[in-house]
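**Q** So that you have it, the file is run_1.tsv, and it contains TSV, N, CA and C atoms and all ligand atoms:
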```tsv
chain	number	residue	atom	x	y	z
F	602	TRP	N	85.72	79.09	91.23
F	602	TRP	CA	85.09	77.95	90.56
F	602	TRP	C	83.58	77.99	90.78
F	603	ASP	N	83.19	78.19	92.01
F	603	ASP	CA	81.76	78.24	92.37
F	603	ASP	C	81.05	79.34	91.58
F	604	LEU	N	81.68	80.51	91.47
F	604	LEU	CA	81.06	81.62	90.74
F	604	LEU	C	80.90	81.27	89.27
F	605	CYS	N	81.90	80.62	88.70
F	605	CYS	CA	81.83	80.24	87.28
F	605	CYS	C	80.67	79.28	87.02
F	606	THR	N	80.43	78.37	87.96
F	606	THR	CA	79.36	77.39	87.76
F	606	THR	C	77.98	78.05	87.83
F	607	ARG	N	77.94	79.29	88.33
F	607	ARG	CA	76.65	79.98	88.42
F	607	ARG	C	76.31	80.72	87.13
F	608	VAL	N	77.21	80.71	86.17
F	608	VAL	CA	76.92	81.28	84.84
F	608	VAL	C	76.59	80.11	83.91
F	609	PRO	N	75.33	79.99	83.47
F	609	PRO	CA	74.90	78.82	82.68
F	609	PRO	C	75.80	78.53	81.48
F	610	MET	N	76.25	79.60	80.81
F	610	MET	CA	77.09	79.41	79.63
F	610	MET	C	78.35	78.61	79.96
F	611	PHE	N	78.89	78.80	81.15
F	611	PHE	CA	80.08	78.06	81.58
F	611	PHE	C	79.67	76.69	82.11
F	612	ARG	N	78.64	76.68	82.95
F	612	ARG	CA	78.20	75.43	83.56
F	612	ARG	C	77.84	74.40	82.49
F	613	ASP	N	77.14	74.87	81.45
F	613	ASP	CA	76.70	73.96	80.40
F	613	ASP	C	77.88	73.38	79.61
F	614	GLY	N	79.02	74.04	79.68
F	614	GLY	CA	80.21	73.55	78.98
F	614	GLY	C	80.95	72.48	79.78
F	615	GLY	N	80.50	72.23	80.99
F	615	GLY	CA	81.07	71.15	81.80
F	615	GLY	C	82.40	71.52	82.45
F	616	VAL	N	82.94	70.52	83.11
F	616	VAL	CA	84.17	70.70	83.91
F	616	VAL	C	85.31	71.23	83.06
F	617	GLU	N	85.39	70.76	81.82
F	617	GLU	CA	86.50	71.13	80.96
F	617	GLU	C	86.49	72.64	80.66
F	618	LEU	N	85.30	73.15	80.35
F	618	LEU	CA	85.20	74.59	80.05
F	618	LEU	C	85.48	75.41	81.31
F	619	ILE	N	84.89	74.99	82.42
F	619	ILE	CA	85.08	75.76	83.66
F	619	ILE	C	86.56	75.79	84.05
F	620	SER	N	87.24	74.68	83.87
F	620	SER	CA	88.66	74.67	84.27
F	620	SER	C	89.48	75.57	83.35
F	621	THR	N	88.98	75.84	82.14
F	621	THR	CA	89.68	76.80	81.26
F	621	THR	C	89.38	78.23	81.69
F	622	VAL	N	88.09	78.55	81.87
F	622	VAL	CA	87.73	79.96	82.12
F	622	VAL	C	88.10	80.41	83.54
F	623	VAL	N	88.17	79.48	84.47
F	623	VAL	CA	88.43	79.85	85.86
F	623	VAL	C	89.78	80.58	85.98
F	624	HIS	N	90.70	80.27	85.11
F	624	HIS	CA	92.02	80.94	85.14
F	624	HIS	C	92.01	82.29	84.46
F	625	LEU	N	90.99	82.55	83.67
F	625	LEU	CA	90.97	83.77	82.84
F	625	LEU	C	90.12	84.88	83.45
F	626	LEU	N	89.17	84.49	84.29
F	626	LEU	CA	88.21	85.46	84.83
F	626	LEU	C	88.69	86.01	86.17
F	627	ARG	N	88.32	87.28	86.43
F	627	ARG	CA	88.53	87.78	87.80
F	627	ARG	C	87.21	88.33	88.33
F	628	ILE	N	87.13	88.43	89.64
F	628	ILE	CA	85.88	88.82	90.30
F	628	ILE	C	85.86	90.33	90.50
F	629	ASP	N	84.70	90.93	90.23
F	629	ASP	CA	84.51	92.36	90.50
F	629	ASP	C	83.18	92.52	91.23
F	630	ASP	N	83.23	93.04	92.45
F	630	ASP	CA	82.01	93.35	93.18
F	630	ASP	C	81.67	94.80	92.89
F	631	ALA	N	80.52	95.03	92.24
F	631	ALA	CA	80.17	96.38	91.80
F	631	ALA	C	79.01	96.92	92.62
F	632	ARG	N	79.03	98.23	92.82
F	632	ARG	CA	78.01	98.87	93.67
F	632	ARG	C	76.96	99.56	92.82
F	633	PRO	N	75.74	99.69	93.36
F	633	PRO	CA	74.68	100.37	92.63
F	633	PRO	C	75.14	101.75	92.18
F	634	GLY	N	74.85	102.11	90.95
F	634	GLY	CA	75.20	103.42	90.43
F	634	GLY	C	76.55	103.45	89.71
F	635	GLU	N	77.35	102.41	89.93
F	635	GLU	CA	78.67	102.36	89.28
F	635	GLU	C	78.48	102.22	87.76
F	636	VAL	N	79.22	103.05	87.02
F	636	VAL	CA	79.16	102.97	85.56
F	636	VAL	C	80.31	102.08	85.10
F	637	LEU	N	79.98	100.95	84.48
F	637	LEU	CA	81.00	99.97	84.11
F	637	LEU	C	81.59	100.25	82.74
F	638	MET	N	80.81	100.86	81.87
F	638	MET	CA	81.31	101.26	80.55
F	638	MET	C	80.40	102.34	79.99
F	639	ARG	N	80.98	103.19	79.17
F	639	ARG	CA	80.20	104.27	78.55
F	639	ARG	C	80.20	104.12	77.04
F	640	ARG	N	79.05	104.41	76.48
F	640	ARG	CA	78.88	104.41	75.03
F	640	ARG	C	79.98	105.26	74.39
F	641	GLY	N	80.63	104.74	73.36
F	641	GLY	CA	81.66	105.49	72.65
F	641	GLY	C	83.08	105.18	73.08
F	642	GLN	N	83.23	104.57	74.28
F	642	GLN	CA	84.58	104.22	74.74
F	642	GLN	C	85.13	103.02	73.96
F	643	THR	N	86.44	102.85	74.03
F	643	THR	CA	87.08	101.65	73.49
F	643	THR	C	86.83	100.50	74.47
F	644	GLY	N	86.55	99.32	73.94
F	644	GLY	CA	86.26	98.17	74.80
F	644	GLY	C	87.51	97.36	75.10
F	645	ASP	N	87.77	97.12	76.37
F	645	ASP	CA	88.95	96.32	76.73
F	645	ASP	C	88.60	95.12	77.60
F	646	ARG	N	87.31	94.91	77.87
F	646	ARG	CA	86.91	93.76	78.70
F	646	ARG	C	85.42	93.50	78.51
F	647	MET	N	85.00	92.29	78.92
F	647	MET	CA	83.58	92.00	78.98
F	647	MET	C	83.26	91.41	80.35
F	648	TYR	N	81.97	91.34	80.68
F	648	TYR	CA	81.54	90.92	82.00
F	648	TYR	C	80.47	89.85	81.90
F	649	PHE	N	80.49	88.94	82.89
F	649	PHE	CA	79.42	87.95	83.08
F	649	PHE	C	78.81	88.24	84.45
F	650	ILE	N	77.46	88.20	84.51
F	650	ILE	CA	76.78	88.54	85.77
F	650	ILE	C	76.50	87.27	86.57
F	651	VAL	N	77.04	87.21	87.79
F	651	VAL	CA	76.75	86.09	88.70
F	651	VAL	C	75.51	86.43	89.52
F	652	SER	N	75.47	87.65	90.07
F	652	SER	CA	74.29	88.10	90.81
F	652	SER	C	74.15	89.60	90.62
F	653	GLY	N	72.92	90.09	90.85
F	653	GLY	CA	72.64	91.51	90.66
F	653	GLY	C	72.18	91.81	89.24
F	654	ARG	N	71.91	93.08	88.99
F	654	ARG	CA	71.41	93.50	87.68
F	654	ARG	C	72.13	94.76	87.22
F	655	VAL	N	72.17	94.94	85.91
F	655	VAL	CA	72.73	96.17	85.33
F	655	VAL	C	71.75	96.73	84.31
F	656	ARG	N	71.83	98.04	84.10
F	656	ARG	CA	71.01	98.68	83.08
F	656	ARG	C	71.88	99.02	81.88
F	657	VAL	N	71.40	98.66	80.69
F	657	VAL	CA	72.09	98.97	79.44
F	657	VAL	C	71.33	100.10	78.77
F	658	GLU	N	72.01	101.22	78.49
F	658	GLU	CA	71.36	102.32	77.79
F	658	GLU	C	72.12	102.62	76.50
F	659	GLY	N	71.50	102.21	75.41
F	659	GLY	CA	72.12	102.40	74.11
F	659	GLY	C	71.56	103.64	73.44
F	660	GLY	N	71.89	103.78	72.18
F	660	GLY	CA	71.38	104.91	71.43
F	660	GLY	C	69.88	104.78	71.18
F	661	HIS	N	69.41	103.50	71.20
F	661	HIS	CA	68.01	103.23	70.86
F	661	HIS	C	67.39	102.37	71.95
F	662	GLY	N	67.03	102.99	73.05
F	662	GLY	CA	66.39	102.24	74.13
F	662	GLY	C	67.41	101.49	74.96
F	663	GLY	N	66.92	100.61	75.83
F	663	GLY	CA	67.83	99.92	76.72
F	663	GLY	C	67.32	98.56	77.13
F	664	ALA	N	68.01	97.97	78.09
F	664	ALA	CA	67.66	96.65	78.58
F	664	ALA	C	68.18	96.53	80.00
F	665	VAL	N	67.59	95.61	80.76
F	665	VAL	CA	68.13	95.25	82.07
F	665	VAL	C	68.64	93.82	81.96
F	666	LEU	N	69.87	93.61	82.39
F	666	LEU	CA	70.46	92.27	82.35
F	666	LEU	C	70.69	91.78	83.77
F	667	GLY	N	70.57	90.47	83.97
F	667	GLY	CA	70.69	89.88	85.30
F	667	GLY	C	71.55	88.63	85.31
F	668	PRO	N	71.45	87.85	86.38
F	668	PRO	CA	72.30	86.68	86.56
F	668	PRO	C	72.34	85.77	85.34
F	669	GLY	N	73.53	85.39	84.93
F	669	GLY	CA	73.72	84.52	83.78
F	669	GLY	C	73.93	85.28	82.48
F	670	ASP	N	73.56	86.57	82.48
F	670	ASP	CA	73.75	87.38	81.27
F	670	ASP	C	75.19	87.89	81.20
F	671	PHE	N	75.57	88.32	80.02
F	671	PHE	CA	76.89	88.94	79.85
F	671	PHE	C	76.73	90.22	79.06
F	672	PHE	N	77.75	91.08	79.12
F	672	PHE	CA	77.72	92.34	78.37
F	672	PHE	C	79.15	92.81	78.14
F	673	GLY	N	79.26	93.74	77.16
F	673	GLY	CA	80.58	94.27	76.82
F	673	GLY	C	81.28	93.44	75.76
F	674	GLU	N	80.54	92.45	75.21
F	674	GLU	CA	81.14	91.55	74.22
F	674	GLU	C	81.24	92.19	72.85
F	675	MET	N	80.34	93.14	72.54
F	675	MET	CA	80.23	93.63	71.17
F	675	MET	C	81.51	94.36	70.72
F	676	ALA	N	82.03	95.22	71.58
F	676	ALA	CA	83.24	95.96	71.23
F	676	ALA	C	84.43	95.02	71.07
F	677	LEU	N	84.47	93.95	71.87
F	677	LEU	CA	85.59	93.02	71.77
F	677	LEU	C	85.54	92.25	70.46
F	678	LEU	N	84.33	91.91	70.05
F	678	LEU	CA	84.16	91.13	68.82
F	678	LEU	C	84.42	91.97	67.57
F	679	SER	N	83.96	93.23	67.60
F	679	SER	CA	83.98	94.03	66.37
F	679	SER	C	85.10	95.07	66.35
F	680	GLY	N	85.63	95.42	67.51
F	680	GLY	CA	86.61	96.50	67.56
F	680	GLY	C	85.95	97.88	67.52
F	681	ALA	N	84.62	97.91	67.42
F	681	ALA	CA	83.88	99.18	67.41
F	681	ALA	C	83.82	99.74	68.83
F	682	PRO	N	83.53	101.04	68.98
F	682	PRO	CA	83.37	101.60	70.32
F	682	PRO	C	82.17	100.98	71.04
F	683	ARG	N	82.12	101.12	72.35
F	683	ARG	CA	81.00	100.63	73.14
F	683	ARG	C	79.68	101.17	72.59
F	684	SER	N	78.72	100.28	72.42
F	684	SER	CA	77.44	100.64	71.80
F	684	SER	C	76.47	101.21	72.83
F	685	ALA	N	76.78	101.05	74.12
F	685	ALA	CA	75.84	101.46	75.17
F	685	ALA	C	76.60	101.77	76.45
F	686	THR	N	75.91	102.48	77.34
F	686	THR	CA	76.44	102.74	78.69
F	686	THR	C	75.81	101.71	79.62
F	687	VAL	N	76.61	101.11	80.49
F	687	VAL	CA	76.11	100.07	81.39
F	687	VAL	C	76.34	100.50	82.83
F	688	THR	N	75.25	100.56	83.61
F	688	THR	CA	75.28	101.03	84.99
F	688	THR	C	74.74	99.94	85.91
F	689	VAL	N	75.36	99.78	87.07
F	689	VAL	CA	74.93	98.75	88.03
F	689	VAL	C	73.65	99.20	88.72
F	690	LEU	N	72.66	98.32	88.78
F	690	LEU	CA	71.39	98.61	89.47
F	690	LEU	C	71.42	98.14	90.92
F	691	ASP	N	71.71	96.85	91.13
F	691	ASP	CA	71.83	96.31	92.49
F	691	ASP	C	73.28	95.87	92.65
F	692	THR	N	73.71	95.80	93.89
F	692	THR	CA	75.05	95.27	94.18
F	692	THR	C	75.23	93.99	93.35
F	693	ALA	N	76.29	93.95	92.57
F	693	ALA	CA	76.43	92.87	91.60
F	693	ALA	C	77.77	92.16	91.75
F	694	GLU	N	77.72	90.84	91.61
F	694	GLU	CA	78.94	90.05	91.54
F	694	GLU	C	79.17	89.75	90.07
F	695	LEU	N	80.32	90.20	89.58
F	695	LEU	CA	80.61	90.08	88.15
F	695	LEU	C	81.89	89.29	87.94
F	696	LEU	N	81.96	88.62	86.81
F	696	LEU	CA	83.21	87.99	86.39
F	696	LEU	C	83.70	88.76	85.17
F	697	VAL	N	84.95	89.20	85.22
F	697	VAL	CA	85.52	90.06	84.18
F	697	VAL	C	86.48	89.26	83.33
F	698	LEU	N	86.35	89.44	82.01
F	698	LEU	CA	87.26	88.80	81.06
F	698	LEU	C	87.95	89.90	80.25
F	699	ASP	N	89.23	90.10	80.47
F	699	ASP	CA	89.97	91.14	79.75
F	699	ASP	C	90.20	90.72	78.31
F	700	ILE	N	90.43	91.71	77.44
F	700	ILE	CA	90.48	91.44	76.00
F	700	ILE	C	91.56	90.41	75.64
F	701	ALA	N	92.70	90.45	76.30
F	701	ALA	CA	93.76	89.49	75.98
F	701	ALA	C	93.30	88.07	76.31
F	702	ASP	N	92.58	87.93	77.42
F	702	ASP	CA	92.08	86.62	77.81
F	702	ASP	C	90.90	86.18	76.94
F	703	PHE	N	90.14	87.17	76.47
F	703	PHE	CA	89.05	86.89	75.51
F	703	PHE	C	89.65	86.27	74.24
F	704	ARG	N	90.76	86.83	73.79
F	704	ARG	CA	91.42	86.31	72.57
F	704	ARG	C	92.00	84.93	72.82
F	705	ASP	N	92.55	84.76	74.00
F	705	ASP	CA	93.09	83.46	74.40
F	705	ASP	C	91.97	82.41	74.38
F	706	LEU	N	90.84	82.80	74.97
F	706	LEU	CA	89.68	81.90	75.04
F	706	LEU	C	89.13	81.60	73.65
F	707	ALA	N	89.15	82.61	72.78
F	707	ALA	CA	88.66	82.42	71.41
F	707	ALA	C	89.48	81.35	70.69
F	708	GLY	N	90.78	81.30	70.99
F	708	GLY	CA	91.65	80.28	70.41
F	708	GLY	C	91.35	78.91	70.98
F	709	LYS	N	91.09	78.87	72.29
F	709	LYS	CA	90.90	77.58	72.97
F	709	LYS	C	89.49	77.04	72.79
F	710	ARG	N	88.51	77.93	72.84
F	710	ARG	CA	87.11	77.51	72.80
F	710	ARG	C	86.29	78.33	71.80
F	711	PRO	N	86.54	78.14	70.51
F	711	PRO	CA	85.79	78.89	69.50
F	711	PRO	C	84.28	78.69	69.60
F	712	ASP	N	83.86	77.53	70.12
F	712	ASP	CA	82.42	77.26	70.28
F	712	ASP	C	81.77	78.27	71.23
F	713	LEU	N	82.48	78.60	72.30
F	713	LEU	CA	81.94	79.56	73.27
F	713	LEU	C	81.83	80.94	72.64
F	714	ILE	N	82.87	81.34	71.91
F	714	ILE	CA	82.87	82.66	71.28
F	714	ILE	C	81.76	82.73	70.23
F	715	LYS	N	81.48	81.60	69.60
F	715	LYS	CA	80.41	81.56	68.62
F	715	LYS	C	79.06	81.84	69.30
F	716	SER	N	78.83	81.24	70.45
F	716	SER	CA	77.58	81.49	71.19
F	716	SER	C	77.49	82.95	71.61
F	717	ILE	N	78.60	83.51	72.05
F	717	ILE	CA	78.61	84.92	72.46
F	717	ILE	C	78.32	85.80	71.25
F	718	SER	N	78.92	85.47	70.11
F	718	SER	CA	78.72	86.26	68.88
F	718	SER	C	77.27	86.25	68.44
F	719	GLU	N	76.63	85.11	68.66
F	719	GLU	CA	75.22	84.97	68.26
F	719	GLU	C	74.35	85.96	69.05
F	720	VAL	N	74.60	86.04	70.34
F	720	VAL	CA	73.85	86.99	71.19
F	720	VAL	C	74.19	88.43	70.76
F	721	ALA	N	75.45	88.69	70.50
F	721	ALA	CA	75.89	90.04	70.10
F	721	ALA	C	75.19	90.46	68.80
F	722	ARG	N	75.05	89.50	67.90
F	722	ARG	CA	74.43	89.78	66.61
F	722	ARG	C	72.97	90.19	66.81
F	723	ARG	N	72.27	89.45	67.69
F	723	ARG	CA	70.87	89.79	67.97
F	723	ARG	C	70.76	91.17	68.62
F	724	ARG	N	71.68	91.45	69.54
F	724	ARG	CA	71.66	92.75	70.21
F	724	ARG	C	71.94	93.88	69.22
F	725	GLY	N	72.83	93.62	68.31
F	725	GLY	CA	73.18	94.61	67.28
F	725	GLY	C	71.97	94.97	66.45
F	726	HIS	N	71.16	93.94	66.16
F	726	HIS	CA	69.94	94.18	65.38
F	726	HIS	C	68.94	94.99	66.20
F	727	ALA	N	68.85	94.66	67.52
F	727	ALA	CA	67.92	95.35	68.40
F	727	ALA	C	68.30	96.83	68.48
F	728	ASP	N	69.61	97.10	68.39
F	728	ASP	CA	70.11	98.47	68.51
F	728	ASP	C	69.92	99.28	67.23
F	729	ALA	N	69.83	98.59	66.11
F	729	ALA	CA	69.87	99.26	64.81
F	729	ALA	C	68.62	100.14	64.60
Z	1	LIG	P1	79.54	96.76	73.95
Z	1	LIG	O1	79.09	97.48	72.73
Z	1	LIG	O2	80.95	96.30	74.02
Z	1	LIG	O3	79.29	97.71	75.23
Z	1	LIG	C1	77.93	97.96	75.59
Z	1	LIG	C2	77.24	96.65	75.79
Z	1	LIG	O4	75.85	96.75	76.06
Z	1	LIG	C3	77.27	95.82	74.49
Z	1	LIG	O5	78.61	95.48	74.22
Z	1	LIG	C4	76.29	94.74	74.84
Z	1	LIG	O6	76.89	93.79	75.69
Z	1	LIG	C5	75.25	95.53	75.63
Z	1	LIG	N1	74.11	95.83	74.76
Z	1	LIG	C6	74.06	96.67	73.70
Z	1	LIG	N2	72.85	96.66	73.14
Z	1	LIG	C7	72.10	95.79	73.85
Z	1	LIG	C8	70.74	95.32	73.76
Z	1	LIG	N3	69.91	95.74	72.80
Z	1	LIG	N4	70.33	94.41	74.66
Z	1	LIG	C9	71.16	93.96	75.63
Z	1	LIG	N5	72.44	94.36	75.76
Z	1	LIG	C10	72.91	95.25	74.88
```
So that I can check it, write out the structure of this file as structure tokens.
Ligand code: CMP
**A**
Amino acid sequence: WDLCTRVPMFRDGGVELISTVVHLLRIDDARPGEVLMRRGQTGDRMYFIVSGRVRVEGGHGGAVLGPGDFFGEMALLSGAPRSATVTVLDTAELLVLDIADFRDLAGKRPDLIKSISEVARRRGHADA
């Protein structure tokens, strides 16, 4: 619960949203250098960053994401292969949402998925 409240997207949704996502997310402590996903792979989960940073390396440049950010959403939304490789920079506390739970959440909280889609759309443009 505490970790969920540290992700603004969940915190801003209030107690009701947190009580929904808390059952769907699991914790992953990742080490520097760990590759969480590779460009071209099939996507089966997405991640929310509680602490630490990751590097995103796409076909066209990259980005560094940190606390409160999420990644791995694009493949879940579109069914397309992973658009980028994501590597852990600092020891990171992550919350993982598997694709089945992502679909479950999409049914329960379409508003949240809409916000995630909006970010994915912007990233897709940045990648193009
Ligand atoms: P996905 O394509 O599933 O896997 C790679 C992830 O990297 C992608 O989802 C996004 O979450 C992230 N990503 C891709 N392009 C960018 C970008 N331009 N800026 C930030 N994150 C990105």
**Q** Sorted by chain and rising residue number, list the residues of chain F at most 7 Å from ligand LIG 1 (chain Z) (counting all atoms listed in the file), each with its closest atom pair and distance in Å to one decimal, as a tab-separated table.
**A**
```
residue	atom	partner	partner_atom	distance
F:Met638	C	Z:LIG1	C1	6.7
F:Arg639	C	Z:LIG1	O3	6.7
F:Arg640	CA	Z:LIG1	C1	6.5
F:Gly644	CA	Z:LIG1	O2	5.7
F:Arg646	C	Z:LIG1	O2	6.9
F:Val657	CA	Z:LIG1	O4	5.5
F:Glu658	N	Z:LIG1	O4	6.4
F:Gly659	CA	Z:LIG1	N2	5.9
F:Gly662	C	Z:LIG1	N3	6.6
F:Gly663	C	Z:LIG1	N4	5.7
F:Ala664	CA	Z:LIG1	N4	5.2
F:Val665	N	Z:LIG1	C9	6.5
F:Leu666	N	Z:LIG1	C9	6.9
F:Phe671	C	Z:LIG1	O6	4.9
F:Phe672	CA	Z:LIG1	O6	3.2
F:Gly673	N	Z:LIG1	O6	2.8
F:Glu674	N	Z:LIG1	O5	3.7
F:Met675	N	Z:LIG1	O5	3.4
F:Ala676	N	Z:LIG1	O2	2.9
F:Leu677	N	Z:LIG1	O2	4.7
F:Leu678	N	Z:LIG1	O2	6.8
F:Ala681	C	Z:LIG1	O1	6.5
F:Pro682	C	Z:LIG1	O1	5.0
F:Arg683	CA	Z:LIG1	O1	3.7
F:Ser684	N	Z:LIG1	O1	2.8
F:Ala685	N	Z:LIG1	C1	3.6
F:Thr686	N	Z:LIG1	C1	5.3
F:Val687	N	Z:LIG1	C1	6.0
F:Ala721	CA	Z:LIG1	C4	6.7
F:Arg723	C	Z:LIG1	N3	6.3
F:Arg724	CA	Z:LIG1	N3	4.3
F:Gly725	N	Z:LIG1	N2	5.7
F:His726	C	Z:LIG1	N3	6.7
F:Ala727	C	Z:LIG1	N3	4.7
F:Asp728	N	Z:LIG1	N3	4.6
```
**Q** So what do you get for atom CA of F:Pro609 versus atom CA of F:Leu690, distance-wise?
**A**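 We find that atom CA of F:Pro609 and atom CA of F:Leu690 lie 21.2 Å from each other.
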**Q** Kindly indicate which residue among F:Pro711, F:Val689, F:Leu695, F:Gly660 lies nearest to F:Val636, using all atoms listed in the file for the distances.
**A**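 Looking at the shortest contact to F:Val636, the residue is F:Val689.
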**Q** Which neighbours of F:Val608 fall inside 8 Å, counting all atoms listed in the file, when residues of the same chain fewer than 3 positions from it are skipped, and could you give them as a list in words?
**A** Asp603, Leu604, Cys605, Phe611, Arg612, Asp613, Gly614, Phe649, Ile650, Val651, Pro668, Gly669 and Asp670 of chain F
**Q** How many Å separate atom CA of F:Gly680 from atom C of F:His624?
**A**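 Going from atom CA of F:Gly680 over to atom C of F:His624, I get 22.7 Å.
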